[in-house]
Amino acid sequence: MRFATRTFLWSFIPFAVLLMGSFWAIQKLVESTVRDRLRSSLRETHASIARVRSKSELQNSRFLRVLGENAALKAGLQLALAERNSGEARLTVEEQLREICHTLGFDLLLVSDPEGAALAGVIRAGQQLTGLDTTRMRPPQRGLWTLEGRSYQVTSIPIDQADENIGILSLGEHFDFSEFTTPAVLSRHGKVLKSSIPGIPVQEVETALEDCRQQAECEVRLRAETYLSLPLESIYFGDGYLLRSLQSVDSASGPVQAILRNVFLLAGLGALLAASILSVLTSRSIVKPIARVVSHLRESEQTGLLPEFDTKVASTQEIRELSESFNRTAAAIREARRNLYRAYVEFVESLASALDARDGYTAGHSHRVSELSCAIAKAMHIGGEELEEIRIGALLHDIGKIGIADRVLQKPGVFTPEELALIQQHPTIGRRILEGVQLFQACLPIVELHHENWDGSGYPEGLCGEATPLGARIVHVADAYDAMTTDRPYRDGRSPEEAIRVLRQYAGKQFDPAIVSVFVSLAGIVGKFPLPVNTLEHTLEPAAGTIHKLVEAVGGNETPCLPQHLEATST
């Protein structure tokens, strides 16, 4: 993912999340407020119903006290007590009760013995009053009583004769849900007896209320709608009876939620649009200067040079400080690299001098080969890092001779085949010595392959022609010339003219012919010894055109690889 995109998202997403979180919190606050108002409304309704019920019970109690003093009713009750199995006595009491109900408009009226067993009673069915079968009937003295599928609110008083209780008179008033302004559910021991919720069967309501505790507020789901339910605790309905009122939370909060959704939608879209614009502008202000820094760093990756940033064009203080810090770091790194390179060069030169110091005959050999190789390379228009690799590689080309015993290297006579084979291992030994040092990696081909011949007869790989790297071919010519013109324990050095003649003789066999031509042309006169090494560089520019032509002329003449020939140079 692009940095600009990530910056935009990191600027936009937190704001969007915060905005959505705020809307969600406001919505939950509204829902909580609606629920609190519903609870308050339901409790107010319960209190109102309780007051009405209390007044009704008080009025019924007064009626009952008056009726309890009715002499005819007392006489009929005493007759029914005396003749429990007499149908005429029961009918006499029923007639008295029917007359009272008809006159006062009661729904249920019955008398019981002092133990609460019903003796006689009447109930209103529509417009008619009918007698009750009181066999094994024991009505409650107070609370709800379900009879013949209908619920009645019962109030009772004792009937006394002198100081003796002769029975109980009970008045029942039909329990009507119509007085509740909200849906209500009447249950007994968890079983729903009646519900005023429209369109929902009683069994479904009973299932929904199973998770509600007996006397606790709860929320229930009915037909994908949420209801808040509160028990009516201020009225006593009898053992096991519970009346719950319900109020739809969705219906109450729906209009408010619809308004909030519209408001949130418009406000949210506007806020998100503003946040998007602000995030784009913010991300651009951050990304652009960083992108310039990254672009400079990518360029430095290609060139290998640490860039220096212009801190004046930085758009923000942070980017300016970052650029200044990077410039200081880059300067420190450049200085450290210069110091490291100086130490590296000094180490290489010391190493070459230590190698040459092993033998008085080879003193200065590595430095002379390095200077000759650089002169040849410059004449061939080689510069920069490649020229430096040739210089260092030439200085270290014989480093592997550290692993060859002095008795072999300084032997005054001719080498035996075994000794020659041992000496020919020095390029491979040199590579092994240097390959663990990162700074010497580019020089390894020169160290290992500077004894490869043009015709493939060299060592250690037997490479042919241009398969040998150019730097190794240059060092091969310079090494051969210096070896031939230097005194050794087993022979005297040859003259420069003779050495040049040998180089030309074996050009295309041991040596790259183009490189030999360049080397010979450095003197300005073919066939004669070149100028002293320390003056070679001054002769390169005038002779550059001639050298270039010689390189082109000889470079197109490839000599096929020969199987064997006489080794012209010293190992």
# chains A, B, ... in the order shown; residues from 1 in each chain; ligands from 1

$ select_by_dssp --residues "segment 108-294 of chain A" --states "strand (DSSP E or B)" --output "VMD selection string"
chain A and resid 108 to 112 118 to 125 128 to 131 142 to 147 150 to 161 164 to 174 184 to 188 191 to 195 218 to 222 225 to 231 241 to 248

$ residues_around --residues "segment 121-137 of chain A" --least-positions-apart "3" --cutoff "10 Å" --atoms "only C-alpha atoms" --output "number ranges by chain"
A: 90-91, 93-99, 101-102, 105-112, 116-118, 140, 147-148, 169-172, 174

$ write_last_selection --atoms "N, CA, C and O atoms" --output "compact mmCIF listing (two decimals), in the first residue's frame"
# COMPACT_ATOMS: atom_id res chain seq x y z
N ARG A 90 -80.16 -24.22 50.22
CA ARG A 90 -79.19 -23.58 49.33
C ARG A 90 -79.89 -22.63 48.38
O ARG A 90 -79.40 -21.52 48.13
N LEU A 91 -81.07 -23.04 47.81
CA LEU A 91 -81.80 -22.18 46.89
C LEU A 91 -82.31 -20.93 47.57
O LEU A 91 -82.36 -19.84 46.96
N VAL A 93 -80.80 -19.32 49.99
CA VAL A 93 -79.67 -18.40 50.10
C VAL A 93 -79.34 -17.80 48.72
O VAL A 93 -79.04 -16.62 48.58
N GLU A 94 -79.41 -18.63 47.68
CA GLU A 94 -79.10 -18.14 46.33
C GLU A 94 -80.06 -17.04 45.91
O GLU A 94 -79.67 -16.06 45.27
N GLU A 95 -81.35 -17.20 46.28
CA GLU A 95 -82.34 -16.18 45.91
C GLU A 95 -82.01 -14.85 46.58
O GLU A 95 -82.13 -13.79 45.98
N GLN A 96 -81.61 -14.96 47.85
CA GLN A 96 -81.24 -13.73 48.56
C GLN A 96 -80.02 -13.08 47.89
O GLN A 96 -79.97 -11.85 47.71
N LEU A 97 -79.03 -13.90 47.53
CA LEU A 97 -77.84 -13.36 46.89
C LEU A 97 -78.15 -12.80 45.52
O LEU A 97 -77.58 -11.78 45.09
N ARG A 98 -79.02 -13.45 44.76
CA ARG A 98 -79.39 -12.99 43.43
C ARG A 98 -80.07 -11.62 43.51
O ARG A 98 -79.81 -10.73 42.69
N GLU A 99 -80.92 -11.48 44.50
CA GLU A 99 -81.63 -10.21 44.66
C GLU A 99 -80.64 -9.09 44.98
O GLU A 99 -80.75 -7.97 44.44
N CYS A 101 -77.37 -9.00 44.20
CA CYS A 101 -76.55 -8.75 43.01
C CYS A 101 -77.34 -7.96 41.98
O CYS A 101 -76.78 -7.07 41.30
N HIS A 102 -78.59 -8.30 41.81
CA HIS A 102 -79.41 -7.61 40.83
C HIS A 102 -79.57 -6.15 41.21
O HIS A 102 -79.54 -5.26 40.35
N GLY A 105 -75.69 -4.67 41.33
CA GLY A 105 -74.90 -4.83 40.11
C GLY A 105 -73.60 -5.57 40.31
O GLY A 105 -72.63 -5.35 39.56
N PHE A 106 -73.55 -6.47 41.33
CA PHE A 106 -72.32 -7.25 41.55
C PHE A 106 -72.20 -8.35 40.51
O PHE A 106 -73.19 -8.86 39.98
N ASP A 107 -70.95 -8.78 40.26
CA ASP A 107 -70.69 -9.86 39.29
C ASP A 107 -70.68 -11.24 39.96
O ASP A 107 -71.02 -12.24 39.32
N LEU A 108 -70.26 -11.27 41.22
CA LEU A 108 -70.15 -12.55 41.91
C LEU A 108 -70.43 -12.29 43.39
O LEU A 108 -69.88 -11.34 43.96
N LEU A 109 -71.26 -13.17 43.98
CA LEU A 109 -71.55 -13.07 45.40
C LEU A 109 -71.78 -14.47 45.92
O LEU A 109 -72.53 -15.24 45.33
N LEU A 110 -71.09 -14.81 47.02
CA LEU A 110 -71.31 -16.13 47.60
C LEU A 110 -70.99 -16.09 49.08
O LEU A 110 -70.28 -15.20 49.57
N VAL A 111 -71.56 -17.12 49.78
CA VAL A 111 -71.34 -17.25 51.21
C VAL A 111 -70.64 -18.58 51.46
O VAL A 111 -70.86 -19.57 50.74
N SER A 112 -69.78 -18.59 52.49
CA SER A 112 -69.03 -19.79 52.85
C SER A 112 -69.16 -20.01 54.35
O SER A 112 -69.53 -19.09 55.12
N GLY A 116 -64.34 -21.64 55.27
CA GLY A 116 -64.10 -21.18 53.91
C GLY A 116 -64.72 -22.04 52.85
O GLY A 116 -64.54 -21.76 51.65
N ALA A 117 -65.43 -23.12 53.20
CA ALA A 117 -66.09 -23.96 52.19
C ALA A 117 -67.35 -23.27 51.71
O ALA A 117 -68.19 -22.83 52.52
N ALA A 118 -67.49 -23.13 50.39
CA ALA A 118 -68.62 -22.41 49.81
C ALA A 118 -69.93 -23.15 50.07
O ALA A 118 -70.00 -24.37 49.95
N PRO A 140 -60.96 -17.88 47.50
CA PRO A 140 -60.05 -17.08 48.33
C PRO A 140 -60.82 -15.94 48.99
O PRO A 140 -61.83 -15.46 48.46
N LEU A 147 -62.65 -18.32 37.73
CA LEU A 147 -63.85 -19.18 37.78
C LEU A 147 -64.53 -19.17 36.43
O LEU A 147 -64.83 -18.09 35.90
N GLU A 148 -64.75 -20.41 35.90
CA GLU A 148 -65.41 -20.56 34.61
C GLU A 148 -64.74 -19.71 33.52
O GLU A 148 -65.41 -19.06 32.71
N LEU A 169 -68.87 -13.80 53.79
CA LEU A 169 -69.55 -13.26 52.61
C LEU A 169 -68.48 -12.71 51.67
O LEU A 169 -67.68 -11.86 52.05
N SER A 170 -68.46 -13.21 50.42
CA SER A 170 -67.43 -12.82 49.44
C SER A 170 -68.08 -12.15 48.26
O SER A 170 -69.07 -12.64 47.70
N LEU A 171 -67.45 -11.02 47.86
CA LEU A 171 -67.90 -10.25 46.71
C LEU A 171 -66.83 -10.31 45.64
O LEU A 171 -65.66 -10.04 45.90
N GLY A 172 -67.22 -10.68 44.43
CA GLY A 172 -66.27 -10.75 43.32
C GLY A 172 -66.58 -9.77 42.23
O GLY A 172 -67.72 -9.70 41.76
N HIS A 174 -65.51 -8.52 38.37
CA HIS A 174 -64.81 -9.00 37.18
C HIS A 174 -63.53 -8.17 36.94
O HIS A 174 -63.55 -6.94 36.92

$ residues_around --residues "Leu396 of chain A" --least-positions-apart "6" --cutoff "9 Å" --atoms "only C-alpha atoms" --output "MDAnalysis selection string"
chainID A and resid 348:349 351:352 355 366 370 430 443 446:447

$ write_last_selection --atoms "all heavy atoms" --output "mmCIF file, in the first residue's frame"
data_model
loop_
_atom_site.group_PDB
_atom_site.id
_atom_site.type_symbol
_atom_site.label_atom_id
_atom_site.label_comp_id
_atom_site.auth_asym_id
_atom_site.auth_seq_id
_atom_site.Cartn_x
_atom_site.Cartn_y
_atom_site.Cartn_z
ATOM 1 N N VAL A 348 46.620 -2.024 2.481
ATOM 2 C CA VAL A 348 46.977 -2.762 1.270
ATOM 3 C C VAL A 348 48.428 -2.510 0.894
ATOM 4 O O VAL A 348 49.188 -3.438 0.560
ATOM 5 C CB VAL A 348 46.032 -2.381 0.114
ATOM 6 C CG1 VAL A 348 46.538 -2.952 -1.201
ATOM 7 C CG2 VAL A 348 44.625 -2.899 0.402
ATOM 8 N N GLU A 349 48.825 -1.245 0.944
ATOM 9 C CA GLU A 349 50.212 -0.919 0.590
ATOM 10 C C GLU A 349 51.200 -1.550 1.577
ATOM 11 O O GLU A 349 52.261 -2.045 1.187
ATOM 12 C CB GLU A 349 50.380 0.596 0.557
ATOM 13 C CG GLU A 349 49.609 1.248 -0.594
ATOM 14 C CD GLU A 349 49.730 2.751 -0.581
ATOM 15 O OE1 GLU A 349 50.230 3.292 0.427
ATOM 16 O OE2 GLU A 349 49.328 3.393 -1.576
ATOM 17 N N LEU A 351 50.643 -4.267 3.263
ATOM 18 C CA LEU A 351 50.614 -5.700 3.021
ATOM 19 C C LEU A 351 51.492 -6.058 1.820
ATOM 20 O O LEU A 351 52.259 -7.042 1.850
ATOM 21 C CB LEU A 351 49.166 -6.155 2.789
ATOM 22 C CG LEU A 351 48.882 -7.659 2.843
ATOM 23 C CD1 LEU A 351 49.212 -8.200 4.231
ATOM 24 C CD2 LEU A 351 47.419 -7.921 2.522
ATOM 25 N N ALA A 352 51.407 -5.238 0.752
ATOM 26 C CA ALA A 352 52.229 -5.490 -0.437
ATOM 27 C C ALA A 352 53.711 -5.316 -0.122
ATOM 28 O O ALA A 352 54.563 -6.105 -0.566
ATOM 29 C CB ALA A 352 51.806 -4.543 -1.561
ATOM 30 N N LEU A 355 54.936 -8.265 1.791
ATOM 31 C CA LEU A 355 55.108 -9.431 0.921
ATOM 32 C C LEU A 355 56.416 -9.340 0.145
ATOM 33 O O LEU A 355 57.186 -10.301 0.064
ATOM 34 C CB LEU A 355 53.923 -9.520 -0.045
ATOM 35 C CG LEU A 355 53.982 -10.636 -1.083
ATOM 36 C CD1 LEU A 355 53.962 -12.002 -0.399
ATOM 37 C CD2 LEU A 355 52.822 -10.504 -2.064
ATOM 38 N N SER A 366 55.448 -5.613 -6.291
ATOM 39 C CA SER A 366 53.993 -5.395 -6.286
ATOM 40 C C SER A 366 53.654 -3.959 -6.625
ATOM 41 O O SER A 366 52.706 -3.680 -7.384
ATOM 42 C CB SER A 366 53.407 -5.766 -4.916
ATOM 43 O OG SER A 366 53.605 -7.147 -4.649
ATOM 44 N N SER A 370 51.653 -2.664 -9.921
ATOM 45 C CA SER A 370 50.449 -1.856 -9.757
ATOM 46 C C SER A 370 50.514 -0.590 -10.596
ATOM 47 O O SER A 370 49.549 -0.217 -11.274
ATOM 48 C CB SER A 370 50.261 -1.514 -8.272
ATOM 49 O OG SER A 370 49.123 -0.698 -8.099
ATOM 50 N N GLY A 430 45.828 -17.025 -2.532
ATOM 51 C CA GLY A 430 45.556 -15.594 -2.395
ATOM 52 C C GLY A 430 44.064 -15.306 -2.311
ATOM 53 O O GLY A 430 43.614 -14.479 -1.508
ATOM 54 N N CYS A 443 38.470 -7.369 -6.113
ATOM 55 C CA CYS A 443 39.842 -7.640 -6.563
ATOM 56 C C CYS A 443 40.138 -9.130 -6.682
ATOM 57 O O CYS A 443 41.214 -9.507 -7.197
ATOM 58 C CB CYS A 443 40.843 -7.015 -5.586
ATOM 59 S SG CYS A 443 40.596 -5.253 -5.325
ATOM 60 N N ILE A 446 41.322 -10.696 -10.079
ATOM 61 C CA ILE A 446 42.683 -10.347 -10.488
ATOM 62 C C ILE A 446 43.694 -11.207 -9.738
ATOM 63 O O ILE A 446 44.648 -11.746 -10.319
ATOM 64 C CB ILE A 446 42.941 -8.849 -10.233
ATOM 65 C CG1 ILE A 446 42.025 -7.997 -11.125
ATOM 66 C CG2 ILE A 446 44.411 -8.491 -10.466
ATOM 67 C CD1 ILE A 446 42.124 -6.520 -10.879
ATOM 68 N N VAL A 447 43.471 -11.341 -8.411
ATOM 69 C CA VAL A 447 44.398 -12.119 -7.591
ATOM 70 C C VAL A 447 44.423 -13.572 -8.048
ATOM 71 O O VAL A 447 45.488 -14.202 -8.147
ATOM 72 C CB VAL A 447 43.995 -12.011 -6.101
ATOM 73 C CG1 VAL A 447 44.847 -12.947 -5.242
ATOM 74 C CG2 VAL A 447 44.130 -10.573 -5.615
#

$ select_by_dssp --residues "segment 332-438 of chain A" --states "helix (DSSP H, G or I)" --output "JSON, numbers by chain"
{"A": [332, 333, 334, 335, 336, 337, 338, 339, 340, 341, 342, 343, 344, 345, 346, 347, 348, 349, 350, 351, 352, 353, 354, 355, 356, 360, 361, 362, 365, 366, 367, 368, 369, 370, 371, 372, 373, 374, 375, 376, 377, 378, 379, 384, 385, 386, 387, 388, 389, 390, 391, 392, 393, 394, 395, 399, 400, 401, 402, 403, 406, 407, 408, 409, 417, 418, 419, 420, 421, 422, 423, 426, 427, 428, 429, 430, 431, 432, 433, 434, 438]}

$ residues_around --residues "Glu385 of chain A" --least-positions-apart "2" --cutoff "12 Å" --atoms "only C-alpha atoms" --output "PyMOL selection string"
chain A and resi 304+374+377+382-383+387-393+442-443+471

$ write_last_selection --atoms "N, CA and C atoms" --output "compact mmCIF listing (two decimals), in the first residue's frame"
# COMPACT_ATOMS: atom_id res chain seq x y z
N GLY A 304 25.32 5.34 -5.20
CA GLY A 304 26.19 4.95 -4.09
C GLY A 304 26.69 6.13 -3.29
N CYS A 374 48.13 0.29 -13.80
CA CYS A 374 47.31 1.51 -13.85
C CYS A 374 47.60 2.31 -15.11
N ALA A 377 45.81 0.60 -17.91
CA ALA A 377 44.37 0.77 -17.79
C ALA A 377 43.95 2.18 -18.21
N ILE A 382 40.22 3.31 -19.03
CA ILE A 382 39.58 2.70 -17.86
C ILE A 382 39.79 3.65 -16.68
N GLY A 383 38.73 3.95 -15.99
CA GLY A 383 38.83 4.87 -14.86
C GLY A 383 37.87 4.48 -13.75
N LEU A 387 39.40 1.17 -12.27
CA LEU A 387 40.83 1.47 -12.20
C LEU A 387 41.36 1.20 -10.80
N GLU A 388 40.58 1.57 -9.77
CA GLU A 388 41.01 1.34 -8.40
C GLU A 388 41.08 -0.16 -8.10
N GLU A 389 40.15 -0.93 -8.65
CA GLU A 389 40.18 -2.38 -8.46
C GLU A 389 41.45 -2.98 -9.07
N ILE A 390 41.82 -2.48 -10.25
CA ILE A 390 43.05 -2.96 -10.90
C ILE A 390 44.27 -2.59 -10.06
N ARG A 391 44.30 -1.37 -9.53
CA ARG A 391 45.45 -0.94 -8.72
C ARG A 391 45.62 -1.81 -7.48
N ILE A 392 44.49 -2.04 -6.74
CA ILE A 392 44.56 -2.83 -5.52
C ILE A 392 44.84 -4.30 -5.85
N GLY A 393 44.19 -4.81 -6.91
CA GLY A 393 44.40 -6.20 -7.30
C GLY A 393 45.84 -6.46 -7.68
N ALA A 442 35.97 -7.24 -5.04
CA ALA A 442 36.11 -6.89 -6.47
C ALA A 442 37.50 -7.22 -7.01
N CYS A 443 38.47 -7.37 -6.11
CA CYS A 443 39.84 -7.64 -6.56
C CYS A 443 40.14 -9.13 -6.68
N GLY A 471 40.91 -6.93 -16.03
CA GLY A 471 41.90 -6.52 -15.04
C GLY A 471 42.99 -7.55 -14.85

$ closest_residue --among "A:Phe415, A:Ala267, A:His365, A:Ala80" --to "Thr486 of chain A" --atoms "only C-alpha atoms"
A:His365

$ atom_distance --atom1 "atom CA of Ala336 of chain A" --atom2 "atom CA of Gly436 of chain A"
21.5 Å

$ residues_around --residues "Arg261 of chain A" --least-positions-apart "6" --cutoff "10 Å" --atoms "only C-alpha atoms" --output "MDAnalysis selection string"
chainID A and resid 23 27 255 267:268

$ closest_residue --among "A:Glu418, A:Glu497, A:Asp512, A:Asp492" --to "Trp454 of chain A" --atoms "only C-alpha atoms"
A:Asp512

$ atom_distance --atom1 "atom CA of Glu217 of chain A" --atom2 "atom CA of Ser229 of chain A"
5.8 Å

$ closest_residue --among "A:Leu420, A:Val475, A:Leu119, A:Leu297" --to "Pro445 of chain A" --atoms "only C-alpha atoms"
A:Val475

$ atom_distance --atom1 "atom CA of Leu144 of chain A" --atom2 "atom CA of Tyr241 of chain A"
7.3 Å

$ residues_around --residues "segment 205-213 of chain A" --least-positions-apart "5" --cutoff "7 Å" --atoms "only C-alpha atoms" --output "NGL selection string"
:A and (191-192 or 200 or 218 or 220-222)

$ residues_around --residues "Phe264 of chain A" --least-positions-apart "6" --cutoff "12 Å" --atoms "only C-alpha atoms" --output "ChimeraX atom specification"
/A:19-27,256-258,270-272

$ write_last_selection --atoms "N, CA, C and O atoms" --output "short mmCIF file (atom, residue, chain, number, x, y, z; two decimals), in the first residue's frame"
data_model
loop_
_atom_site.label_atom_id
_atom_site.label_comp_id
_atom_site.auth_asym_id
_atom_site.auth_seq_id
_atom_site.Cartn_x
_atom_site.Cartn_y
_atom_site.Cartn_z
N LEU A 19 -16.38 9.43 14.98
CA LEU A 19 -17.71 9.92 14.60
C LEU A 19 -18.76 8.83 14.77
O LEU A 19 -19.84 9.06 15.34
N MET A 20 -18.47 7.63 14.28
CA MET A 20 -19.41 6.52 14.42
C MET A 20 -19.63 6.17 15.89
O MET A 20 -20.75 5.88 16.31
N GLY A 21 -18.54 6.19 16.67
CA GLY A 21 -18.68 5.93 18.10
C GLY A 21 -19.56 6.96 18.78
O GLY A 21 -20.36 6.62 19.67
N SER A 22 -19.43 8.23 18.39
CA SER A 22 -20.27 9.28 18.96
C SER A 22 -21.73 9.06 18.62
O SER A 22 -22.62 9.18 19.48
N PHE A 23 -22.00 8.74 17.34
CA PHE A 23 -23.38 8.47 16.94
C PHE A 23 -23.96 7.28 17.70
O PHE A 23 -25.11 7.29 18.14
N TRP A 24 -23.13 6.23 17.84
CA TRP A 24 -23.60 5.05 18.57
C TRP A 24 -23.91 5.39 20.03
O TRP A 24 -24.91 4.94 20.58
N ALA A 25 -23.02 6.19 20.65
CA ALA A 25 -23.24 6.57 22.05
C ALA A 25 -24.50 7.41 22.20
O ALA A 25 -25.28 7.22 23.15
N ILE A 26 -24.72 8.32 21.25
CA ILE A 26 -25.94 9.15 21.31
C ILE A 26 -27.18 8.27 21.14
O ILE A 26 -28.19 8.45 21.86
N GLN A 27 -27.12 7.32 20.22
CA GLN A 27 -28.25 6.42 20.01
C GLN A 27 -28.55 5.61 21.27
O GLN A 27 -29.70 5.45 21.68
N VAL A 256 -38.24 8.67 17.37
CA VAL A 256 -37.01 9.39 17.72
C VAL A 256 -35.82 8.81 16.96
O VAL A 256 -34.96 9.55 16.47
N GLN A 257 -35.78 7.47 16.88
CA GLN A 257 -34.67 6.82 16.17
C GLN A 257 -34.67 7.21 14.69
O GLN A 257 -33.61 7.39 14.09
N ALA A 258 -35.85 7.31 14.10
CA ALA A 258 -35.94 7.70 12.69
C ALA A 258 -35.39 9.10 12.48
O ALA A 258 -34.63 9.37 11.53
N GLY A 270 -21.69 14.78 5.93
CA GLY A 270 -20.98 16.06 5.90
C GLY A 270 -19.65 16.00 6.64
O GLY A 270 -18.63 16.50 6.16
N ALA A 271 -19.68 15.37 7.82
CA ALA A 271 -18.45 15.26 8.61
C ALA A 271 -17.42 14.39 7.92
O ALA A 271 -16.23 14.70 7.91
N LEU A 272 -17.88 13.27 7.31
CA LEU A 272 -16.95 12.39 6.61
C LEU A 272 -16.34 13.07 5.39
O LEU A 272 -15.16 12.88 5.08
#
